[in-house]
Every structure is written in C-alpha cells, then in structure tokens.
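A.B. asks: Handing you this structure, nothing more for now.
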Amino acid sequence: MSDNRKITVNALTRVEGEGALHVRVSGDQIESVKLTIYEPPRFFESFLRGRAIEEVPDITARICGICPVAYQMTSVHAIENALDVEISSGVRALRRLLYCAEWIESHVLHIVMLNAPDFFDCHSGIELAEKFPDRVNDGLRIKKIGNRVLEVLGGRAIHPVNVRVGGFYRLPSRDELTELLSDLRWALDAAIDLARWVATFDFPELNIHCELVALQNDDEYPMNEGAIASTIHSPISVEEYEQHFGEQHAPHSTALQSKRRDSAAPYFLGPLARLELNQEQLFPAARKLAEEICPPIPLRNRFHSIIARSIEVVHALEEAIGIIEAYQPPPEPFRPYQHRESEGCAATEAPRGMIYHHYRINDDGTVASSKIVPPTSQNQLQIESDLRDYLPRLLDQPDDIVAAECEKLIRNYDPCISCSTHFLTLEMERT
Amino acid sequence: MNKKRLGVFKFASCDGCQLSLLSCEDELIELAGMIEIVHFLEASSRVDPGPFDVALIEGSITTEKDAQRIREIRHQSKTLVTIGACATAGGIQALRNWADHEEFIASVYAHPEYIETLSTSTPIADHVAVDFELRGCPIDRHQLLEVLAALIADRSPRTPRHSVCIECKRRGTVCLVVTQGLPCLGPVTQAGCGAICPAYDRPCYGCFGPAAQANCPALSTHHLAGATTETQMVHALRNMNAAANVFQIESDRLESGST
C-alpha cells in the first residue's frame, strides 16, 4: 500500500441527514479527520425571532423529522422556565409518555434498520429481513407501537400537533390510552427478546476513555429535565450549561461544534452516557435486563451503544405502560400564563443525546432570540476524535474497507445531521 | 415484470418525509419486494447509479450545488415526485425569502464566510419539471403508499385537492372558527392529514399548503373581523408553506396594508 493515498467515498449512509467525512493520512500517520456537515443551513434561530412563543414548538419540530418531540419538549420547557409556568404532575407524566414513544420509535428504527445491518454485512434493514425476518418484523412492529402512542397523544408521529406551552392542547381520554396497553405489553416482551439478540452480536473492541455527559435525576431515568451530570466533572444545573459548554464554527461544517469551554475537550452524549450515569434509575425489567446483557461500567466501547439503545427501549416501554396504567386525566390540559420580558433555558434527552435550548422573550410574547444546541453538533468533535483512535488499526486495509468501517463507527452515535440544523459523504485523502 | 427502480433524494429538509416511507411498518418489506430501491441513503448503504423509474424528492433548493444536483437527478428520472412542503413549496426555511440573508447568516454563524447558501429557499418545480407533487409537513404515509402503488401500476396517483374542512366534517369535529372564532387555516388548506389539529382543539396551521381554489383574502377578512391580528394572520400563512403561491400572495397583501 502506497504512502500517499487519497480516498473519497461520496455518501455516508444509514444516518439521518447528509454529510461527509474527510480523512487525510500520510504513511501511517492520521493527519486530519473532519466530519463535514454539508446539510444546507436552514436558519431556525434567525426566523424564530419575532414569532409568538405559542408558535415555537410547531416551528422547532421542523428541525428534525426523526426526533421532533425532543425539539418540542425542549422548547416548551425553556419557555415555561422563562415565564415561571409550572406544569401539572399529570401533564408532566403525559410529556414523559410522549418522549418514551419517540425513544421507542427512533431507537428501534436505528437498531433494526440502520445499525444492526452492520453486524451481518447487510446494506439495509430490508436485506437484514431476508436473514432474520422475525427479528426485523418484530422490530418494525415495536416501532409501529411507539408511533401509535405518538399518534394518539400527539395527533401524528412526525411533527405532532398537540404540544403547547403550559401543557397540551387536548388531553387524551383514559380509554384512548388504555387501548394501547395490550400492544405495549406485547412490545415489552418483544423488546426484551430483541435486546438479548442484540447482545449476542460480534462487537469490535473500541474502548476509548472520554467524558460522558447526560442529564441525571434522583428518582427517574432522565428525559425531560435534570442536572447535567458527567463522568469527569461535578454535576451542574442546566442554567450553567453555556458557562461550561461552548460552540465553535469550523470551516468544514454548517453545524456548530460543541466542546468544554475550559479544556476545549470534546464530550460524548447519548444512550451509553445516559446508561452509565443513570443505570440505577431504570425500571425493573430494564434493570434486570441491563444486569444480564450490559457490559460492565465504564461503558467505553462505542459499538455497545446498540445494547444501551435496546435497554432504553425496554425502559421506555415499561415506563409508558406504567404511565398509562396510572393515568387519570389532569383537571386542565394546560396552565395559563402571562407574557413578559424574560429568558429561560432547558435541556432534555433526545434519543441521540442531550439537547439544549435557550430563549429570550419580549414583553409581547414574541421571541427576541434563541439558541438551539442539538445532540449531534455536541457529539461531532468526539466522533472525529474517536475516528482518529480507530483509524490506525484499519490502515492496512484497502480504502473501501476503511471507509465502510468508519461509517460503521459513525452509526453508533446515531448522528442526526438534519438535526444539526445546519451531516455525511466520506472522503479520505492519503498523502 | 421488471421492477421499477426507485431513488429517494434529500435536499434542505428535516428528513421527516423520507422517514414516512420507513414508517410504513406494515408495508415496507412487501413494498421492497415490488420495487427496486437503488438509491436511498437514509435506508441503505447500497448505492447504485441511475437511471431511475421513480425519483422521490424531499427538500427545497437552497444552494447552487443543489440547484445543479436536482437537474442531474431530473435528467436520470422517468417520473419525478416531490414529497413534502419543502420540496413542493420551499418549506419553513423559505422564511428567509422575506429576510436580510446576510444578517440571517451572521445571526447564527460566527464565520459567515464558511456558509454558502442562496438567499432563497425554492420548491423543486422552480428548477425542473415535476410529474407529481405530494403535499404535507410531513406527508401522510397512506398518501405516499397510494402514490407508489399508482406509479408501480402505471396509473395516476389520486389524492384529494379539497380543503381540510371536508375531512374535519367527516371526522365529526366541531368547527373551531364557528364556535370559538379561532384563526383556522382549514378552509384554504388542502386535505390529506385527516384534519388532525381541530380534533386536538387547535386551529389548522396549513401543513398541506393551499387547497384548490383557496380564497385566502375572504378567510383573512373573516378572521381579522374577529380577535385575530394582522400579524397573527401573516404568521399563520408564513409557516411550512409560506412560499406556496396563494399563501405568499395573501401574506404579502396583508403586510402591505392593502386590506
């Protein structure tokens, strides 16, 4: 193999949204690794200005068709924090139910259709279905049940319509939700089987030490709120996020990349981080499953993220069942509030990691400014850093194998490039 | 019978409309047996070159490169179908069409010089001939399956052009305009979603774009005579289908004060 090679692969696949990876290698030295997010920018933060806060959850949902609930939830929590709106416990439970449904739908899509094919040399979930028809069909059915919960509670699965500042537009009846229970109970058993199957995959060893960051709560697995916990630093409040984490704009990307302000170090978000920091908070069946199939903490092998995702599906199904079984419609669908000049922020856990929003609000209830930090732009530097650690062991392989293996690593982060508002073709340059 | 070759392509968008295809959980595997998926980056790492019998296009044109890319895809495609509000009307990102583009870039990015985009977000039909437009933000998966079934069978897709009001009545929802005076866009918005919003106690916000023969000025006049302000009406029209012709004309008319 020559010392000077330039390799270009034009499209990173089975990720959400589009972008590129550029790798420059000289001999056996990795000179640079750049994730290029060429997804054209859409300027959400700009056109949110002047819009009524009531319109914000409908607009921010459009940042991402895969995880619209994450955007809606983070928006409304940030605005409610700004206006000191305290949502009722019943509404809070329903919001967790909506988030559980998005985790189920997004995670199972990733597990079965996007990530699992990598472990069997398949190009797609459809090809995987030829080898494992029952596994793929069960996965699709679990996903459908997640979508069904989104449809009942949110009106539709993609860009739900029912979320509003203060609560929901309309509360579901008890019957509407309890009708979902038999399907959810089937899905729980099927998801446990799916997770056990996933745990038998042949995982490459890639143990990299880095900082894992996730929300953390005393009494629940993190979704809608919590302190920002880390495997290295002390927990901080969400209000302190911007003091500790900053964004930079790299020439090769339309996504802003996040890092620690003090050390300029990257950090890692997502299911592995959540599980590492919150395993105690899993619901009983998910916790028992984690004890059975989860590798020991610390969770450093990126390829194990599919196991973490599978355990989280089980948790989300258990929690969804619990919320529905206990459901009594709250007295009011939403809390009234007054417009006033204010500012507020919130962080929630999107399926692929922590997401942060900050809004300044004018006294007439319009948005003065906003800041939206999606999970993938926070993970981007860590992905580049991990690729740098992974690449040396691949360099004796031909270029197409190197490219394919890099793509496989990248899929573990479930990158959401459209989400980065502003991800992948793989281009490799060896000089 | 030779299977039709399908390509799915993404431009500026949220990915939600192509996800609708993967959300056909009951039909996906069967569908994959009836059609050959040759280019669908989100779903498959097997990427084959054209030509395509059917190209599904998601997203709007916001860069010079994308304007070139859509011409290349058109050249390789027998039938080109746009899916969703971005591809058919420019999407929510078309709100830039009313803004100072340089200022928009500078307000988000520290280094505006790294950003190469056009000052407008435009629908696919502004750039190439489109054979069928499927509306919605997001599209409805049942309508998507109808379009694919029609194209597989070499017939024209059938999707209604009437307003959301018809679906709303069929659903048995009480009218929010008549009973609560809410600024609903249902009367001027094309059916297809199933009239979800009014069934969730909120007015329609126009995800499927203008219905056939939509009379937007009459609707504005009605809403403005109630509690709706002009700004609220302009914003209602300026969402995901802001640059759809009829909506754009009306929001511009309201803004210019010629009411």
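Following the order of the structure tokens, chains are lettered A, B, ..., residues in each are numbered from 1, and ligands are numbered from 1.
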What residues in chain B have any atom no more than 8 Å from chain A when counting only C-alpha atoms, and can you write them as a PyMOL selection string?

C.D. replies: chain B and resi 10-17+19-20+23+25-26+29+32+41-46+62-63+92-93+95-96+104-105+107-111+114-115+117+137-138+196-197+200-202+235+239

A.B. asks: With only C-alpha atoms as the basis for distance, which of B:Gln232, B:Gln248, B:Gln190, B:Gln76 is at the shortest distance from His162 in chain B?

C.D. replies: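 Smallest distance to His162 in chain B is found for B:Gln190.
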
A.B. asks: So which residues of range 233-427 of chain A fall under helix (DSSP H, G or I) by DSSP, listed as a PyMOL selection string?

C.D. replies: chain A and resi 238-244+271-281+284-293+302-325+375-394+399-411

A.B. asks: Just the residues within 10 Å of Val177 in chain B, please, counting only C-alpha atoms, with nothing from its chain fewer than 6 positions along; format it as a list of chain:residue names.

C.D. replies: B:Pro183, B:Cys184, B:Leu185, B:Gly186, B:Pro187, B:Pro198, B:Pro203, B:His222, B:His223, B:Gly226

A.B. asks: Show me, as a VMD selection string, the residues that have an atom within 9 Å of Arg171 in chain B when counting only C-alpha atoms, minus same-chain residues fewer than 6 positions from it.

C.D. replies: chain B and resid 194 to 195 199

A.B. asks: Work out how far CA of Ser119 in chain B is from CA of Thr229 in chain B, in Å to one decimal.

C.D. replies: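 If I compute the distance from CA of Thr229 in chain B to CA of Ser119 in chain B, I get 28.7 Å.
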
A.B. asks: Give me, as JSON, numbers by chain, all polymer residues having an atom no more than 7 Å from range 308-316 of chain A, counting only C-alpha atoms and skipping those fewer than 2 positions away in the same chain.

C.D. replies: {"A": [100, 103, 104, 107, 188, 191, 192, 195, 271, 272, 275, 282, 283, 286, 290, 304, 305, 306, 318, 319, 320]}

A.B. asks: Using DSSP on the backbone coordinates, identify the residues of range 36-208 of chain B assigned to strand (DSSP E or B); present them as a PDB file with N, CA and C atoms, in the first residue's frame.

C.D. replies:
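Saved the output as part_29.pdb:
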```pdb
ATOM      1  N   GLU B  36     -37.469  -1.806  -6.822  1.00  0.00           N
ATOM      2  CA  GLU B  36     -36.041  -1.943  -6.526  1.00  0.00           C
ATOM      3  C   GLU B  36     -35.526  -0.613  -5.979  1.00  0.00           C
ATOM      4  N   ILE B  37     -35.124  -0.611  -4.729  1.00  0.00           N
ATOM      5  CA  ILE B  37     -34.614   0.629  -4.132  1.00  0.00           C
ATOM      6  C   ILE B  37     -33.137   0.762  -4.492  1.00  0.00           C
ATOM      7  N   VAL B  38     -32.826   1.665  -5.418  1.00  0.00           N
ATOM      8  CA  VAL B  38     -31.436   1.753  -5.892  1.00  0.00           C
ATOM      9  C   VAL B  38     -30.671   2.914  -5.268  1.00  0.00           C
ATOM     10  N   HIS B  39     -31.400   3.883  -4.722  1.00  0.00           N
ATOM     11  CA  HIS B  39     -30.706   4.997  -4.064  1.00  0.00           C
ATOM     12  C   HIS B  39     -31.594   5.533  -2.960  1.00  0.00           C
ATOM     13  N   PHE B  40     -31.217   5.261  -1.704  1.00  0.00           N
ATOM     14  CA  PHE B  40     -31.994   5.746  -0.554  1.00  0.00           C
ATOM     15  C   PHE B  40     -31.007   5.797   0.600  1.00  0.00           C
ATOM     16  N   SER B  44     -30.211   2.625   3.076  1.00  0.00           N
ATOM     17  CA  SER B  44     -29.361   1.567   2.533  1.00  0.00           C
ATOM     18  C   SER B  44     -27.984   2.066   2.137  1.00  0.00           C
ATOM     19  N   PHE B  52     -33.434   6.207 -12.967  1.00  0.00           N
ATOM     20  CA  PHE B  52     -34.491   5.840 -12.033  1.00  0.00           C
ATOM     21  C   PHE B  52     -35.839   5.893 -12.739  1.00  0.00           C
ATOM     22  N   ASP B  53     -36.688   4.907 -12.460  1.00  0.00           N
ATOM     23  CA  ASP B  53     -38.064   4.993 -12.964  1.00  0.00           C
ATOM     24  C   ASP B  53     -38.836   6.014 -12.154  1.00  0.00           C
ATOM     25  N   VAL B  54     -38.599   5.996 -10.840  1.00  0.00           N
ATOM     26  CA  VAL B  54     -39.271   6.934  -9.951  1.00  0.00           C
ATOM     27  C   VAL B  54     -38.243   7.579  -9.034  1.00  0.00           C
ATOM     28  N   ALA B  55     -38.246   8.915  -9.005  1.00  0.00           N
ATOM     29  CA  ALA B  55     -37.406   9.626  -8.038  1.00  0.00           C
ATOM     30  C   ALA B  55     -38.321  10.355  -7.065  1.00  0.00           C
ATOM     31  N   LEU B  56     -38.137  10.087  -5.763  1.00  0.00           N
ATOM     32  CA  LEU B  56     -38.862  10.824  -4.733  1.00  0.00           C
ATOM     33  C   LEU B  56     -37.925  11.905  -4.211  1.00  0.00           C
ATOM     34  N   ILE B  57     -38.375  13.154  -4.271  1.00  0.00           N
ATOM     35  CA  ILE B  57     -37.511  14.262  -3.878  1.00  0.00           C
ATOM     36  C   ILE B  57     -38.037  14.919  -2.625  1.00  0.00           C
ATOM     37  N   GLU B  58     -37.206  14.930  -1.566  1.00  0.00           N
ATOM     38  CA  GLU B  58     -37.535  15.634  -0.335  1.00  0.00           C
ATOM     39  C   GLU B  58     -36.644  16.857  -0.229  1.00  0.00           C
ATOM     40  N   SER B  60     -35.944  21.378  -0.197  1.00  0.00           N
ATOM     41  CA  SER B  60     -36.001  22.537  -1.087  1.00  0.00           C
ATOM     42  C   SER B  60     -34.600  22.874  -1.586  1.00  0.00           C
ATOM     43  N   ILE B  61     -34.556  23.769  -2.594  1.00  0.00           N
ATOM     44  CA  ILE B  61     -33.268  24.166  -3.166  1.00  0.00           C
ATOM     45  C   ILE B  61     -32.782  25.437  -2.478  1.00  0.00           C
ATOM     46  N   SER B  77     -34.272  10.631 -14.381  1.00  0.00           N
ATOM     47  CA  SER B  77     -35.502  10.073 -13.811  1.00  0.00           C
ATOM     48  C   SER B  77     -36.665  10.141 -14.783  1.00  0.00           C
ATOM     49  N   LYS B  78     -37.392   9.022 -14.902  1.00  0.00           N
ATOM     50  CA  LYS B  78     -38.563   8.986 -15.769  1.00  0.00           C
ATOM     51  C   LYS B  78     -39.693   9.768 -15.104  1.00  0.00           C
ATOM     52  N   THR B  79     -40.011   9.444 -13.863  1.00  0.00           N
ATOM     53  CA  THR B  79     -41.058  10.150 -13.128  1.00  0.00           C
ATOM     54  C   THR B  79     -40.446  10.767 -11.881  1.00  0.00           C
ATOM     55  N   LEU B  80     -40.660  12.073 -11.727  1.00  0.00           N
ATOM     56  CA  LEU B  80     -40.086  12.747 -10.561  1.00  0.00           C
ATOM     57  C   LEU B  80     -41.222  13.259  -9.685  1.00  0.00           C
ATOM     58  N   VAL B  81     -41.234  12.809  -8.424  1.00  0.00           N
ATOM     59  CA  VAL B  81     -42.300  13.159  -7.483  1.00  0.00           C
ATOM     60  C   VAL B  81     -41.694  13.919  -6.313  1.00  0.00           C
ATOM     61  N   THR B  82     -42.236  15.097  -6.024  1.00  0.00           N
ATOM     62  CA  THR B  82     -41.760  15.824  -4.849  1.00  0.00           C
ATOM     63  C   THR B  82     -42.592  15.409  -3.656  1.00  0.00           C
ATOM     64  N   ILE B  83     -41.933  15.192  -2.504  1.00  0.00           N
ATOM     65  CA  ILE B  83     -42.651  14.797  -1.290  1.00  0.00           C
ATOM     66  C   ILE B  83     -42.432  15.822  -0.193  1.00  0.00           C
ATOM     67  N   THR B 122     -36.324  27.569  -2.499  1.00  0.00           N
ATOM     68  CA  THR B 122     -37.339  27.455  -3.543  1.00  0.00           C
ATOM     69  C   THR B 122     -37.753  26.005  -3.764  1.00  0.00           C
ATOM     70  N   PHE B 132     -45.400  14.866 -10.240  1.00  0.00           N
ATOM     71  CA  PHE B 132     -46.465  14.822  -9.234  1.00  0.00           C
ATOM     72  C   PHE B 132     -45.945  15.432  -7.944  1.00  0.00           C
ATOM     73  N   GLU B 133     -46.807  16.238  -7.299  1.00  0.00           N
ATOM     74  CA  GLU B 133     -46.428  16.846  -6.018  1.00  0.00           C
ATOM     75  C   GLU B 133     -47.261  16.229  -4.912  1.00  0.00           C
ATOM     76  N   LEU B 134     -46.591  15.674  -3.899  1.00  0.00           N
ATOM     77  CA  LEU B 134     -47.294  15.152  -2.726  1.00  0.00           C
ATOM     78  C   LEU B 134     -47.084  16.134  -1.583  1.00  0.00           C
ATOM     79  N   SER B 163     -60.502  21.016   0.607  1.00  0.00           N
ATOM     80  CA  SER B 163     -59.927  21.600   1.827  1.00  0.00           C
ATOM     81  C   SER B 163     -60.043  20.677   3.042  1.00  0.00           C
ATOM     82  N   THR B 189     -56.726  25.207   3.274  1.00  0.00           N
ATOM     83  CA  THR B 189     -55.636  24.227   3.274  1.00  0.00           C
ATOM     84  C   THR B 189     -56.093  22.908   2.670  1.00  0.00           C
ATOM     85  N   GLN B 190     -55.201  22.308   1.866  1.00  0.00           N
ATOM     86  CA  GLN B 190     -55.541  21.050   1.200  1.00  0.00           C
ATOM     87  C   GLN B 190     -55.640  19.898   2.209  1.00  0.00           C
TER      88      GLN B 190
END
```

A.B. asks: What is the distance between CA of Pro374 in chain A and CA of Gly226 in chain A, in Å to one decimal?

C.D. replies: 17.0 Å
